[in-house]
Structure formats: structure tokens, C-alpha cells
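Dumped target-v1.txt below, it's compact mmCIF, N, CA and C atoms:
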# COMPACT_ATOMS: atom_id res chain seq x y z
N MET S 46 -87.98 67.15 249.35
CA MET S 46 -87.55 65.82 249.75
C MET S 46 -88.46 65.30 250.88
N ILE S 47 -88.51 65.95 252.03
CA ILE S 47 -89.36 65.52 253.14
C ILE S 47 -90.70 66.22 253.02
N THR S 48 -91.78 65.43 253.08
CA THR S 48 -93.11 66.00 252.90
C THR S 48 -93.90 66.13 254.19
N LYS S 49 -93.62 65.27 255.18
CA LYS S 49 -94.32 65.35 256.48
C LYS S 49 -93.75 64.31 257.43
N ILE S 50 -94.18 64.40 258.68
CA ILE S 50 -93.90 63.32 259.63
C ILE S 50 -94.91 62.23 259.33
N ASN S 51 -94.43 61.06 258.94
CA ASN S 51 -95.32 59.95 258.63
C ASN S 51 -95.83 59.32 259.91
N HIS S 52 -94.90 58.98 260.83
CA HIS S 52 -95.31 58.40 262.09
C HIS S 52 -94.20 58.50 263.13
N VAL S 53 -94.60 58.25 264.37
CA VAL S 53 -93.66 58.11 265.47
C VAL S 53 -93.77 56.65 265.92
N GLY S 54 -92.64 55.95 265.93
CA GLY S 54 -92.62 54.55 266.33
C GLY S 54 -92.36 54.43 267.82
N ILE S 55 -93.20 53.65 268.50
CA ILE S 55 -93.07 53.46 269.94
C ILE S 55 -92.91 51.97 270.24
N ALA S 56 -91.80 51.61 270.86
CA ALA S 56 -91.53 50.22 271.21
C ALA S 56 -92.32 49.86 272.47
N VAL S 57 -93.05 48.75 272.39
CA VAL S 57 -93.87 48.31 273.52
C VAL S 57 -93.68 46.82 273.75
N ASN S 58 -93.93 46.39 274.99
CA ASN S 58 -93.87 44.97 275.31
C ASN S 58 -95.10 44.23 274.82
N ASN S 59 -96.26 44.91 274.87
CA ASN S 59 -97.52 44.25 274.55
C ASN S 59 -98.44 45.23 273.83
N ILE S 60 -98.65 45.00 272.56
CA ILE S 60 -99.49 45.90 271.75
C ILE S 60 -100.91 45.98 272.30
N ASP S 61 -101.49 44.83 272.65
CA ASP S 61 -102.87 44.83 273.11
C ASP S 61 -103.04 45.70 274.36
N GLU S 62 -102.13 45.60 275.30
CA GLU S 62 -102.19 46.42 276.51
C GLU S 62 -101.94 47.89 276.18
N SER S 63 -100.96 48.17 275.34
CA SER S 63 -100.62 49.55 274.99
C SER S 63 -101.72 50.23 274.20
N LEU S 64 -102.43 49.48 273.38
CA LEU S 64 -103.52 50.05 272.57
C LEU S 64 -104.61 50.68 273.43
N LYS S 65 -104.81 50.16 274.62
CA LYS S 65 -105.88 50.66 275.49
C LYS S 65 -105.74 52.16 275.75
N LEU S 66 -104.53 52.65 275.95
CA LEU S 66 -104.32 54.08 276.17
C LEU S 66 -104.81 54.88 274.97
N TYR S 67 -104.41 54.46 273.79
CA TYR S 67 -104.70 55.22 272.58
C TYR S 67 -106.16 55.12 272.14
N THR S 68 -106.77 53.93 272.32
CA THR S 68 -108.14 53.75 271.86
C THR S 68 -109.17 54.06 272.95
N GLU S 69 -109.00 53.49 274.14
CA GLU S 69 -110.00 53.65 275.20
C GLU S 69 -109.88 54.98 275.93
N VAL S 70 -108.67 55.43 276.17
CA VAL S 70 -108.47 56.67 276.92
C VAL S 70 -108.46 57.90 276.01
N LEU S 71 -107.67 57.84 274.93
CA LEU S 71 -107.53 59.00 274.05
C LEU S 71 -108.55 59.04 272.92
N GLY S 72 -109.27 57.95 272.73
CA GLY S 72 -110.34 57.93 271.74
C GLY S 72 -109.89 57.83 270.29
N LEU S 73 -108.66 57.42 270.06
CA LEU S 73 -108.16 57.24 268.70
C LEU S 73 -108.60 55.88 268.16
N LYS S 74 -108.57 55.72 266.86
CA LYS S 74 -109.02 54.48 266.22
C LYS S 74 -107.83 53.68 265.69
N LEU S 75 -107.85 52.42 265.95
CA LEU S 75 -106.84 51.51 265.40
C LEU S 75 -107.13 51.30 263.92
N GLU S 76 -106.11 51.55 263.09
CA GLU S 76 -106.27 51.32 261.65
C GLU S 76 -106.02 49.87 261.30
N GLY S 77 -105.04 49.26 261.96
CA GLY S 77 -104.75 47.86 261.67
C GLY S 77 -103.51 47.38 262.39
N ILE S 78 -103.40 46.06 262.44
CA ILE S 78 -102.23 45.40 263.04
C ILE S 78 -101.60 44.57 261.93
N GLU S 79 -100.27 44.62 261.87
CA GLU S 79 -99.54 43.92 260.80
C GLU S 79 -98.26 43.33 261.38
N VAL S 80 -97.95 42.11 260.97
CA VAL S 80 -96.69 41.48 261.34
C VAL S 80 -95.72 41.68 260.18
N VAL S 81 -94.52 42.16 260.51
CA VAL S 81 -93.47 42.32 259.51
C VAL S 81 -92.40 41.28 259.87
N ALA S 82 -92.51 40.12 259.24
CA ALA S 82 -91.71 38.96 259.61
C ALA S 82 -90.21 39.22 259.53
N ASP S 83 -89.74 39.87 258.46
CA ASP S 83 -88.29 40.06 258.31
C ASP S 83 -87.73 41.05 259.33
N GLN S 84 -88.60 41.86 259.96
CA GLN S 84 -88.15 42.77 261.00
C GLN S 84 -88.43 42.21 262.40
N LYS S 85 -89.00 41.02 262.45
CA LYS S 85 -89.34 40.35 263.71
C LYS S 85 -90.17 41.27 264.59
N ALA S 86 -91.21 41.85 263.97
CA ALA S 86 -92.03 42.82 264.69
C ALA S 86 -93.49 42.72 264.29
N LYS S 87 -94.33 43.11 265.24
CA LYS S 87 -95.77 43.26 265.03
C LYS S 87 -96.07 44.73 265.29
N THR S 88 -96.85 45.34 264.41
CA THR S 88 -97.13 46.77 264.54
C THR S 88 -98.62 47.05 264.59
N ALA S 89 -98.96 48.11 265.28
CA ALA S 89 -100.33 48.62 265.30
C ALA S 89 -100.27 50.06 264.82
N ILE S 90 -101.10 50.39 263.85
CA ILE S 90 -101.11 51.73 263.27
C ILE S 90 -102.33 52.49 263.78
N ILE S 91 -102.06 53.68 264.33
CA ILE S 91 -103.11 54.53 264.88
C ILE S 91 -102.99 55.90 264.23
N PRO S 92 -103.91 56.25 263.31
CA PRO S 92 -103.85 57.56 262.66
C PRO S 92 -104.15 58.69 263.65
N VAL S 93 -103.40 59.79 263.46
CA VAL S 93 -103.62 61.02 264.21
C VAL S 93 -103.46 62.16 263.20
N GLY S 94 -104.58 62.65 262.67
CA GLY S 94 -104.50 63.66 261.61
C GLY S 94 -103.81 63.08 260.40
N GLU S 95 -102.82 63.81 259.87
CA GLU S 95 -102.08 63.33 258.70
C GLU S 95 -100.93 62.40 259.06
N SER S 96 -100.66 62.24 260.35
CA SER S 96 -99.57 61.38 260.81
C SER S 96 -100.15 60.17 261.54
N LYS S 97 -99.24 59.33 262.03
CA LYS S 97 -99.67 58.11 262.72
C LYS S 97 -98.78 57.85 263.92
N ILE S 98 -99.30 57.05 264.82
CA ILE S 98 -98.51 56.44 265.87
C ILE S 98 -98.38 54.98 265.48
N GLU S 99 -97.15 54.46 265.56
CA GLU S 99 -96.91 53.05 265.25
C GLU S 99 -96.40 52.38 266.51
N LEU S 100 -97.23 51.51 267.10
CA LEU S 100 -96.78 50.72 268.23
C LEU S 100 -96.05 49.50 267.67
N ILE S 101 -94.90 49.18 268.24
CA ILE S 101 -94.08 48.09 267.70
C ILE S 101 -93.75 47.11 268.82
N GLN S 102 -94.12 45.86 268.62
CA GLN S 102 -93.84 44.80 269.57
C GLN S 102 -92.95 43.77 268.89
N SER S 103 -91.93 43.32 269.57
CA SER S 103 -91.06 42.30 269.00
C SER S 103 -91.77 40.96 268.95
N THR S 104 -91.52 40.20 267.90
CA THR S 104 -92.05 38.84 267.80
C THR S 104 -90.96 37.81 268.08
N ASP S 105 -89.79 38.30 268.44
CA ASP S 105 -88.63 37.41 268.67
C ASP S 105 -87.74 38.06 269.73
N GLN S 106 -87.31 37.27 270.69
CA GLN S 106 -86.43 37.78 271.76
C GLN S 106 -85.13 38.36 271.22
N GLU S 107 -84.73 37.94 270.03
CA GLU S 107 -83.49 38.43 269.42
C GLU S 107 -83.74 39.59 268.45
N GLY S 108 -84.99 40.01 268.30
CA GLY S 108 -85.32 41.10 267.40
C GLY S 108 -84.81 42.44 267.91
N THR S 109 -84.69 43.40 267.00
CA THR S 109 -84.16 44.72 267.39
C THR S 109 -85.06 45.43 268.38
N ILE S 110 -86.36 45.24 268.30
CA ILE S 110 -87.27 45.90 269.25
C ILE S 110 -87.09 45.29 270.64
N ALA S 111 -86.96 43.97 270.73
CA ALA S 111 -86.73 43.32 272.03
C ALA S 111 -85.42 43.82 272.65
N LYS S 112 -84.40 43.94 271.83
CA LYS S 112 -83.11 44.43 272.34
C LYS S 112 -83.20 45.89 272.76
N PHE S 113 -83.95 46.69 272.00
CA PHE S 113 -84.14 48.10 272.35
C PHE S 113 -84.82 48.21 273.71
N ILE S 114 -85.91 47.47 273.90
CA ILE S 114 -86.64 47.52 275.16
C ILE S 114 -85.79 47.01 276.31
N GLU S 115 -85.00 45.97 276.06
CA GLU S 115 -84.13 45.43 277.10
C GLU S 115 -83.12 46.47 277.58
N SER S 116 -82.57 47.25 276.66
CA SER S 116 -81.55 48.22 277.05
C SER S 116 -82.12 49.58 277.45
N ARG S 117 -83.25 49.98 276.88
CA ARG S 117 -83.76 51.33 277.12
C ARG S 117 -85.16 51.38 277.71
N GLY S 118 -85.86 50.27 277.67
CA GLY S 118 -87.24 50.24 278.14
C GLY S 118 -88.19 50.65 277.03
N GLU S 119 -89.48 50.54 277.33
CA GLU S 119 -90.49 50.92 276.35
C GLU S 119 -90.42 52.43 276.11
N GLY S 120 -90.77 52.84 274.91
CA GLY S 120 -90.79 54.27 274.62
C GLY S 120 -90.54 54.56 273.16
N ILE S 121 -90.33 55.84 272.88
CA ILE S 121 -90.13 56.26 271.49
C ILE S 121 -88.90 55.57 270.91
N HIS S 122 -89.10 54.92 269.79
CA HIS S 122 -88.05 54.18 269.11
C HIS S 122 -87.49 54.96 267.92
N HIS S 123 -88.38 55.58 267.14
CA HIS S 123 -87.92 56.32 265.96
C HIS S 123 -88.96 57.33 265.51
N ILE S 124 -88.50 58.24 264.68
CA ILE S 124 -89.40 59.17 264.00
C ILE S 124 -89.28 58.88 262.51
N ALA S 125 -90.42 58.79 261.84
CA ALA S 125 -90.43 58.46 260.42
C ALA S 125 -90.84 59.68 259.61
N LEU S 126 -90.00 60.04 258.68
CA LEU S 126 -90.26 61.18 257.81
C LEU S 126 -90.64 60.68 256.42
N GLU S 127 -91.75 61.17 255.93
CA GLU S 127 -92.18 60.77 254.59
C GLU S 127 -91.39 61.55 253.55
N VAL S 128 -90.91 60.83 252.56
CA VAL S 128 -90.14 61.45 251.48
C VAL S 128 -90.80 61.12 250.14
N SER S 129 -90.63 62.02 249.19
CA SER S 129 -91.24 61.81 247.88
C SER S 129 -90.46 60.81 247.03
N ASN S 130 -89.14 60.71 247.26
CA ASN S 130 -88.30 59.78 246.50
C ASN S 130 -87.23 59.25 247.45
N ILE S 131 -87.44 58.04 247.94
CA ILE S 131 -86.58 57.50 248.99
C ILE S 131 -85.14 57.26 248.50
N LYS S 132 -84.97 56.82 247.27
CA LYS S 132 -83.61 56.59 246.76
C LYS S 132 -82.84 57.91 246.70
N GLU S 133 -83.49 58.96 246.22
CA GLU S 133 -82.84 60.29 246.17
C GLU S 133 -82.55 60.81 247.57
N ALA S 134 -83.50 60.62 248.49
CA ALA S 134 -83.31 61.08 249.87
C ALA S 134 -82.12 60.39 250.52
N LEU S 135 -81.97 59.10 250.31
CA LEU S 135 -80.82 58.37 250.86
C LEU S 135 -79.51 58.86 250.25
N LYS S 136 -79.53 59.06 248.94
CA LYS S 136 -78.35 59.55 248.23
C LYS S 136 -77.93 60.93 248.77
N THR S 137 -78.92 61.79 248.99
CA THR S 137 -78.65 63.16 249.47
C THR S 137 -78.03 63.15 250.86
N VAL S 138 -78.65 62.41 251.80
CA VAL S 138 -78.11 62.44 253.16
C VAL S 138 -76.76 61.73 253.25
N ALA S 139 -76.57 60.66 252.46
CA ALA S 139 -75.28 59.97 252.45
C ALA S 139 -74.18 60.89 251.92
N SER S 140 -74.52 61.70 250.92
CA SER S 140 -73.52 62.63 250.36
C SER S 140 -73.13 63.71 251.36
N LYS S 141 -73.95 63.90 252.38
CA LYS S 141 -73.67 64.89 253.41
C LYS S 141 -73.07 64.26 254.67
N GLY S 142 -72.65 62.99 254.54
CA GLY S 142 -71.91 62.34 255.61
C GLY S 142 -72.74 61.58 256.63
N ILE S 143 -74.01 61.38 256.39
CA ILE S 143 -74.86 60.63 257.32
C ILE S 143 -74.71 59.14 257.03
N THR S 144 -74.45 58.36 258.07
CA THR S 144 -74.34 56.91 257.93
C THR S 144 -75.73 56.30 257.79
N LEU S 145 -75.86 55.41 256.84
CA LEU S 145 -77.14 54.75 256.59
C LEU S 145 -77.14 53.36 257.21
N ILE S 146 -78.24 52.99 257.83
CA ILE S 146 -78.43 51.60 258.24
C ILE S 146 -78.85 50.81 257.01
N ASP S 147 -79.75 51.40 256.22
CA ASP S 147 -80.22 50.77 254.98
C ASP S 147 -79.73 51.60 253.80
N GLU S 148 -78.84 51.02 253.02
CA GLU S 148 -78.37 51.73 251.83
C GLU S 148 -79.37 51.65 250.69
N LYS S 149 -80.25 50.65 250.76
CA LYS S 149 -81.31 50.50 249.77
C LYS S 149 -82.63 50.39 250.52
N PRO S 150 -83.71 50.89 249.94
CA PRO S 150 -85.02 50.76 250.59
C PRO S 150 -85.43 49.30 250.72
N ARG S 151 -86.24 49.04 251.74
CA ARG S 151 -86.83 47.72 251.93
C ARG S 151 -88.32 47.90 252.22
N LYS S 152 -89.05 46.81 252.21
CA LYS S 152 -90.50 46.89 252.44
C LYS S 152 -90.79 47.11 253.92
N GLY S 153 -91.76 48.00 254.16
CA GLY S 153 -92.19 48.28 255.52
C GLY S 153 -93.68 48.04 255.68
N VAL S 154 -94.20 48.52 256.77
CA VAL S 154 -95.62 48.39 257.09
C VAL S 154 -96.45 49.15 256.05
N GLU S 155 -97.64 48.68 255.81
CA GLU S 155 -98.59 49.28 254.88
C GLU S 155 -98.05 49.39 253.45
N ASN S 156 -97.23 48.39 253.06
CA ASN S 156 -96.69 48.31 251.71
C ASN S 156 -95.88 49.55 251.31
N THR S 157 -95.14 50.08 252.27
CA THR S 157 -94.28 51.24 252.01
C THR S 157 -92.85 50.79 251.74
N ASN S 158 -92.04 51.69 251.23
CA ASN S 158 -90.60 51.50 251.15
C ASN S 158 -89.99 52.30 252.29
N ILE S 159 -89.07 51.68 253.02
CA ILE S 159 -88.47 52.34 254.17
C ILE S 159 -86.96 52.19 254.16
N ALA S 160 -86.29 53.07 254.90
CA ALA S 160 -84.85 52.97 255.12
C ALA S 160 -84.53 53.78 256.37
N PHE S 161 -83.58 53.29 257.15
CA PHE S 161 -83.20 53.96 258.39
C PHE S 161 -81.84 54.63 258.28
N LEU S 162 -81.73 55.78 258.94
CA LEU S 162 -80.46 56.49 259.08
C LEU S 162 -79.89 56.14 260.44
N HIS S 163 -78.56 56.02 260.52
CA HIS S 163 -77.94 55.62 261.79
C HIS S 163 -78.00 56.77 262.79
N PRO S 164 -78.40 56.47 264.04
CA PRO S 164 -78.53 57.54 265.04
C PRO S 164 -77.23 58.25 265.39
N ARG S 165 -76.09 57.65 265.15
CA ARG S 165 -74.85 58.33 265.51
C ARG S 165 -74.62 59.58 264.65
N GLY S 166 -75.30 59.66 263.50
CA GLY S 166 -75.14 60.83 262.65
C GLY S 166 -76.33 61.77 262.68
N THR S 167 -77.34 61.42 263.49
CA THR S 167 -78.58 62.22 263.51
C THR S 167 -78.91 62.74 264.90
N GLY S 168 -77.91 62.98 265.71
CA GLY S 168 -78.17 63.49 267.05
C GLY S 168 -78.78 62.45 267.97
N ARG S 169 -78.41 61.18 267.76
CA ARG S 169 -78.87 60.06 268.58
C ARG S 169 -80.36 59.75 268.40
N VAL S 170 -80.94 60.21 267.29
CA VAL S 170 -82.34 59.92 266.99
C VAL S 170 -82.37 58.96 265.80
N LEU S 171 -83.07 57.85 265.96
CA LEU S 171 -83.24 56.92 264.84
C LEU S 171 -84.29 57.52 263.91
N ILE S 172 -83.87 57.81 262.68
CA ILE S 172 -84.77 58.39 261.69
C ILE S 172 -85.04 57.37 260.60
N GLU S 173 -86.30 57.25 260.27
CA GLU S 173 -86.73 56.35 259.19
C GLU S 173 -87.28 57.20 258.07
N PHE S 174 -86.86 56.92 256.85
CA PHE S 174 -87.48 57.52 255.68
C PHE S 174 -88.57 56.55 255.21
N VAL S 175 -89.73 57.10 254.82
CA VAL S 175 -90.86 56.32 254.35
C VAL S 175 -91.32 56.90 253.03
N GLU S 176 -91.50 56.01 252.05
CA GLU S 176 -92.07 56.41 250.76
C GLU S 176 -93.31 55.55 250.55
N SER S 177 -94.44 56.21 250.39
CA SER S 177 -95.71 55.47 250.22
C SER S 177 -95.85 54.95 248.80
What's the C-alpha cells form of this structure?
Amino acid sequence: MITKINHVGIAVNNIDESLKLYTEVLGLKLEGIEVVADQKAKTAIIPVGESKIELIQSTDQEGTIAKFIESRGEGIHHIALEVSNIKEALKTVASKGITLIDEKPRKGVENTNIAFLHPRGTGRVLIEFVES
């Protein structure tokens, strides 16, 4: 079911400023920046081996990232696990009592299918399933 850690999502106030640490200091390469309109977010993808860092900036004061930063500050927002079959993965965890934020997959960054599990059932960690 789970094949690897796809990425770690980090909520930031300003992608351009945050990118400096990863590109100028750590020497990593920016793969691309993408706006995901329905999620009210702008993302920057930074590959690290087989996984990625995803910087996420809100594009709307009412967006979930803006609200997250307002209540918790900048920092790790979620961990994304790559799955081979997202519909089956959701069905499996739901059958084991995990509350789903997304009962059906939706489109994510880099033309992926994504779905989130509710943190109240995952040890207070927001987990995202990603299917490429």
C-alpha cells in the first residue's frame, strides 16, 4: 500500500524568502512552483533524493495554510505518503476506524491524486496520501 515518503509539507509565510535556506544555504534545487487554486495555496517543490520538501504558502487569508500559520506558526504541516492505489488505501484506513478528511481523491500538486487523513485519528499528525 505505502511505497515511500513522497514529501514533507512545510507551511511558510513567504515561499521566496523560505526558498533561500533550501537553495542558497543547503544547495538543493527548486523543481518548480505551482499554484493550486482550489486549495488556496502556492507550493514550491524541492527534491531530496527520492522524496521532496513542499513549501506551502497561502494565497488567501481564509485558506487552510493561513489559518494553520495563524494558530501554530510556520513549520511542518503534513507528511505525505505515496501509495500505489489511493482509493484502496483510503478504503483500508477507513475500515480500521481512521477519519478521512477526503473520502475521495482530489487533484494535487504535480498532477497527483491526493487525500488527507484527519489528525485526530493519526496521533495528531496530518497525513496525506499521494498517488502519482
For this session: Could you give me, as an MDAnalysis selection string, the residues within 8 Å of range 60-62 of chain S, counting all atoms listed in the file and dropping anything in the same chain fewer than 6 positions from it?
Result: chainID S and resid 87:89 100:103
Exercise. Which residues in range 64-176 of chain S does DSSP call strand (DSSP E or B)? List them as a ChimeraX atom specification.
Worked result: /S:77-81,86-93,96-103,120-128,145,151-152,158-162,172-176
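Between Lys152 in chain S and the candidates S:Val81, S:Val57, S:Leu75, S:Ala86, the tightest atom-to-atom separation, counting only N, CA and C atoms, involves S:Val81.
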Exercise. Out of S:Asn59, S:Leu171, S:His163, S:Asn156, which residue has the shortest atom-to-atom distance to Ile121 in chain S when counting all atoms listed in the file?
Worked result: S:Leu171
Problem set entry | Polymer residues at most 12 Å from (-92.5, 54.6, 250.9) by only C-alpha atoms, as a PyMOL selection string | chain S and resi 47-48+51+125-132+134+149-161+173-177
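Residues of range 60-156 of chain S that DSSP places in alpha helix (DSSP H), based on the backbone of this structure, are Ile60, Asp61, Glu62, Ser63, Leu64, Lys65, Thr109, Ile110, Ala111, Lys112, Phe113, Ile114, Glu115, Ser116, Arg117, Ile131, Lys132, Glu133, Ala134, Leu135, Lys136, Thr137, Val138, Ala139 and Ser140 of chain S.
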For this session: Just the residues within 6.5 Å of Lys97 in chain S, please, counting all atoms listed in the file, with nothing from its chain fewer than 5 positions along; format it as a VMD selection string.
Result: chain S and resid 50 to 53 90 to 92
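Closest approach to Val93 in chain S from the set S:Leu73, S:Ile78, S:Leu145, S:Leu135 is made by S:Leu73, with distances taken over only N, CA and C atoms.
Of the listed residues S:Gln84, S:Gly142, S:Leu66, S:Glu95, the one whose atoms come nearest to Ile110 in chain S is S:Gln84, with distances taken using all atoms listed in the file.
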For this session: Check the smallest atom-to-atom distance from each of S:Thr137, S:Arg169, S:Tyr67, S:Lys85 to Asp105 in chain S using only C-alpha atoms, then report the winner.
Result: S:Lys85
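Pairwise distance (atom N of Leu64 in chain S, atom N of Glu115 in chain S) equals 18.0 Å.
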Exercise. Mind pulling up the distance from CA of Pro164 in chain S to CA of Ser116 in chain S?
Worked result: 15.5 Å
Exercise. Mind pulling up the distance from CA of Glu119 in chain S to CA of Gly54 in chain S?
Worked result: 10.9 Å
Can you pull range 83-93 of chain S out of that block with all heavy atoms and hand it back as a PDB file, in the first residue's frame?
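Saved the output as selection06.pdb:
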ATOM      1  N   ASP S  83      -7.798  25.647  -5.967  1.00  0.00           N
ATOM      2  CA  ASP S  83      -8.881  25.149  -5.107  1.00  0.00           C
ATOM      3  C   ASP S  83      -8.422  24.917  -3.670  1.00  0.00           C
ATOM      4  O   ASP S  83      -9.245  24.852  -2.763  1.00  0.00           O
ATOM      5  CB  ASP S  83      -9.527  23.895  -5.694  1.00  0.00           C
ATOM      6  CG  ASP S  83      -8.600  22.704  -5.745  1.00  0.00           C
ATOM      7  OD1 ASP S  83      -7.400  22.892  -6.004  1.00  0.00           O
ATOM      8  OD2 ASP S  83      -9.077  21.575  -5.533  1.00  0.00           O
ATOM      9  N   GLN S  84      -7.102  24.845  -3.443  1.00  0.00           N
ATOM     10  CA  GLN S  84      -6.584  24.707  -2.085  1.00  0.00           C
ATOM     11  C   GLN S  84      -6.098  26.052  -1.533  1.00  0.00           C
ATOM     12  O   GLN S  84      -5.590  26.118  -0.423  1.00  0.00           O
ATOM     13  CB  GLN S  84      -5.449  23.681  -2.052  1.00  0.00           C
ATOM     14  CG  GLN S  84      -5.928  22.288  -2.372  1.00  0.00           C
ATOM     15  CD  GLN S  84      -4.788  21.283  -2.346  1.00  0.00           C
ATOM     16  OE1 GLN S  84      -3.838  21.405  -1.584  1.00  0.00           O
ATOM     17  NE2 GLN S  84      -4.884  20.267  -3.181  1.00  0.00           N
ATOM     18  N   LYS S  85      -6.236  27.099  -2.329  1.00  0.00           N
ATOM     19  CA  LYS S  85      -5.808  28.445  -1.946  1.00  0.00           C
ATOM     20  C   LYS S  85      -4.362  28.441  -1.476  1.00  0.00           C
ATOM     21  O   LYS S  85      -4.023  28.987  -0.429  1.00  0.00           O
ATOM     22  CB  LYS S  85      -6.737  29.017  -0.872  1.00  0.00           C
ATOM     23  CG  LYS S  85      -8.179  29.118  -1.316  1.00  0.00           C
ATOM     24  CD  LYS S  85      -9.080  29.610  -0.215  1.00  0.00           C
ATOM     25  CE  LYS S  85     -10.515  29.623  -0.705  1.00  0.00           C
ATOM     26  NZ  LYS S  85     -11.449  30.015   0.328  1.00  0.00           N
ATOM     27  N   ALA S  86      -3.515  27.799  -2.297  1.00  0.00           N
ATOM     28  CA  ALA S  86      -2.116  27.648  -1.904  1.00  0.00           C
ATOM     29  C   ALA S  86      -1.182  27.736  -3.104  1.00  0.00           C
ATOM     30  O   ALA S  86      -1.547  27.421  -4.232  1.00  0.00           O
ATOM     31  CB  ALA S  86      -1.921  26.314  -1.205  1.00  0.00           C
ATOM     32  N   LYS S  87       0.024  28.170  -2.808  1.00  0.00           N
ATOM     33  CA  LYS S  87       1.131  28.192  -3.763  1.00  0.00           C
ATOM     34  C   LYS S  87       2.196  27.276  -3.174  1.00  0.00           C
ATOM     35  O   LYS S  87       2.471  27.344  -1.970  1.00  0.00           O
ATOM     36  CB  LYS S  87       1.642  29.625  -3.881  1.00  0.00           C
ATOM     37  CG  LYS S  87       2.855  29.832  -4.730  1.00  0.00           C
ATOM     38  CD  LYS S  87       3.163  31.337  -4.744  1.00  0.00           C
ATOM     39  CE  LYS S  87       4.544  31.629  -5.227  1.00  0.00           C
ATOM     40  NZ  LYS S  87       4.828  33.080  -5.207  1.00  0.00           N
ATOM     41  N   THR S  88       2.764  26.405  -4.000  1.00  0.00           N
ATOM     42  CA  THR S  88       3.737  25.439  -3.493  1.00  0.00           C
ATOM     43  C   THR S  88       5.050  25.531  -4.251  1.00  0.00           C
ATOM     44  O   THR S  88       5.075  25.877  -5.425  1.00  0.00           O
ATOM     45  CB  THR S  88       3.207  23.994  -3.610  1.00  0.00           C
ATOM     46  OG1 THR S  88       3.071  23.670  -4.995  1.00  0.00           O
ATOM     47  CG2 THR S  88       1.877  23.815  -2.905  1.00  0.00           C
ATOM     48  N   ALA S  89       6.113  25.199  -3.555  1.00  0.00           N
ATOM     49  CA  ALA S  89       7.433  25.068  -4.167  1.00  0.00           C
ATOM     50  C   ALA S  89       7.911  23.658  -3.874  1.00  0.00           C
ATOM     51  O   ALA S  89       7.878  23.214  -2.722  1.00  0.00           O
ATOM     52  CB  ALA S  89       8.398  26.092  -3.586  1.00  0.00           C
ATOM     53  N   ILE S  90       8.342  22.953  -4.905  1.00  0.00           N
ATOM     54  CA  ILE S  90       8.786  21.572  -4.763  1.00  0.00           C
ATOM     55  C   ILE S  90      10.307  21.522  -4.847  1.00  0.00           C
ATOM     56  O   ILE S  90      10.905  22.010  -5.810  1.00  0.00           O
ATOM     57  CB  ILE S  90       8.167  20.669  -5.858  1.00  0.00           C
ATOM     58  CG1 ILE S  90       6.641  20.725  -5.805  1.00  0.00           C
ATOM     59  CG2 ILE S  90       8.691  19.240  -5.751  1.00  0.00           C
ATOM     60  CD1 ILE S  90       6.023  20.192  -4.537  1.00  0.00           C
ATOM     61  N   ILE S  91      10.912  20.899  -3.823  1.00  0.00           N
ATOM     62  CA  ILE S  91      12.359  20.779  -3.739  1.00  0.00           C
ATOM     63  C   ILE S  91      12.694  19.303  -3.551  1.00  0.00           C
ATOM     64  O   ILE S  91      12.459  18.736  -2.481  1.00  0.00           O
ATOM     65  CB  ILE S  91      12.901  21.592  -2.543  1.00  0.00           C
ATOM     66  CG1 ILE S  91      12.423  23.043  -2.642  1.00  0.00           C
ATOM     67  CG2 ILE S  91      14.416  21.490  -2.475  1.00  0.00           C
ATOM     68  CD1 ILE S  91      12.474  23.783  -1.330  1.00  0.00           C
ATOM     69  N   PRO S  92      13.218  18.638  -4.591  1.00  0.00           N
ATOM     70  CA  PRO S  92      13.570  17.224  -4.462  1.00  0.00           C
ATOM     71  C   PRO S  92      14.749  17.014  -3.512  1.00  0.00           C
ATOM     72  O   PRO S  92      15.690  17.802  -3.478  1.00  0.00           O
ATOM     73  CB  PRO S  92      13.980  16.819  -5.887  1.00  0.00           C
ATOM     74  CG  PRO S  92      13.436  17.888  -6.774  1.00  0.00           C
ATOM     75  CD  PRO S  92      13.410  19.129  -5.953  1.00  0.00           C
ATOM     76  N   VAL S  93      14.643  15.922  -2.739  1.00  0.00           N
ATOM     77  CA  VAL S  93      15.723  15.484  -1.853  1.00  0.00           C
ATOM     78  C   VAL S  93      15.766  13.962  -1.991  1.00  0.00           C
ATOM     79  O   VAL S  93      14.965  13.258  -1.381  1.00  0.00           O
ATOM     80  CB  VAL S  93      15.475  15.883  -0.377  1.00  0.00           C
ATOM     81  CG1 VAL S  93      16.656  15.460   0.484  1.00  0.00           C
ATOM     82  CG2 VAL S  93      15.210  17.371  -0.234  1.00  0.00           C
TER      83      VAL S  93
END
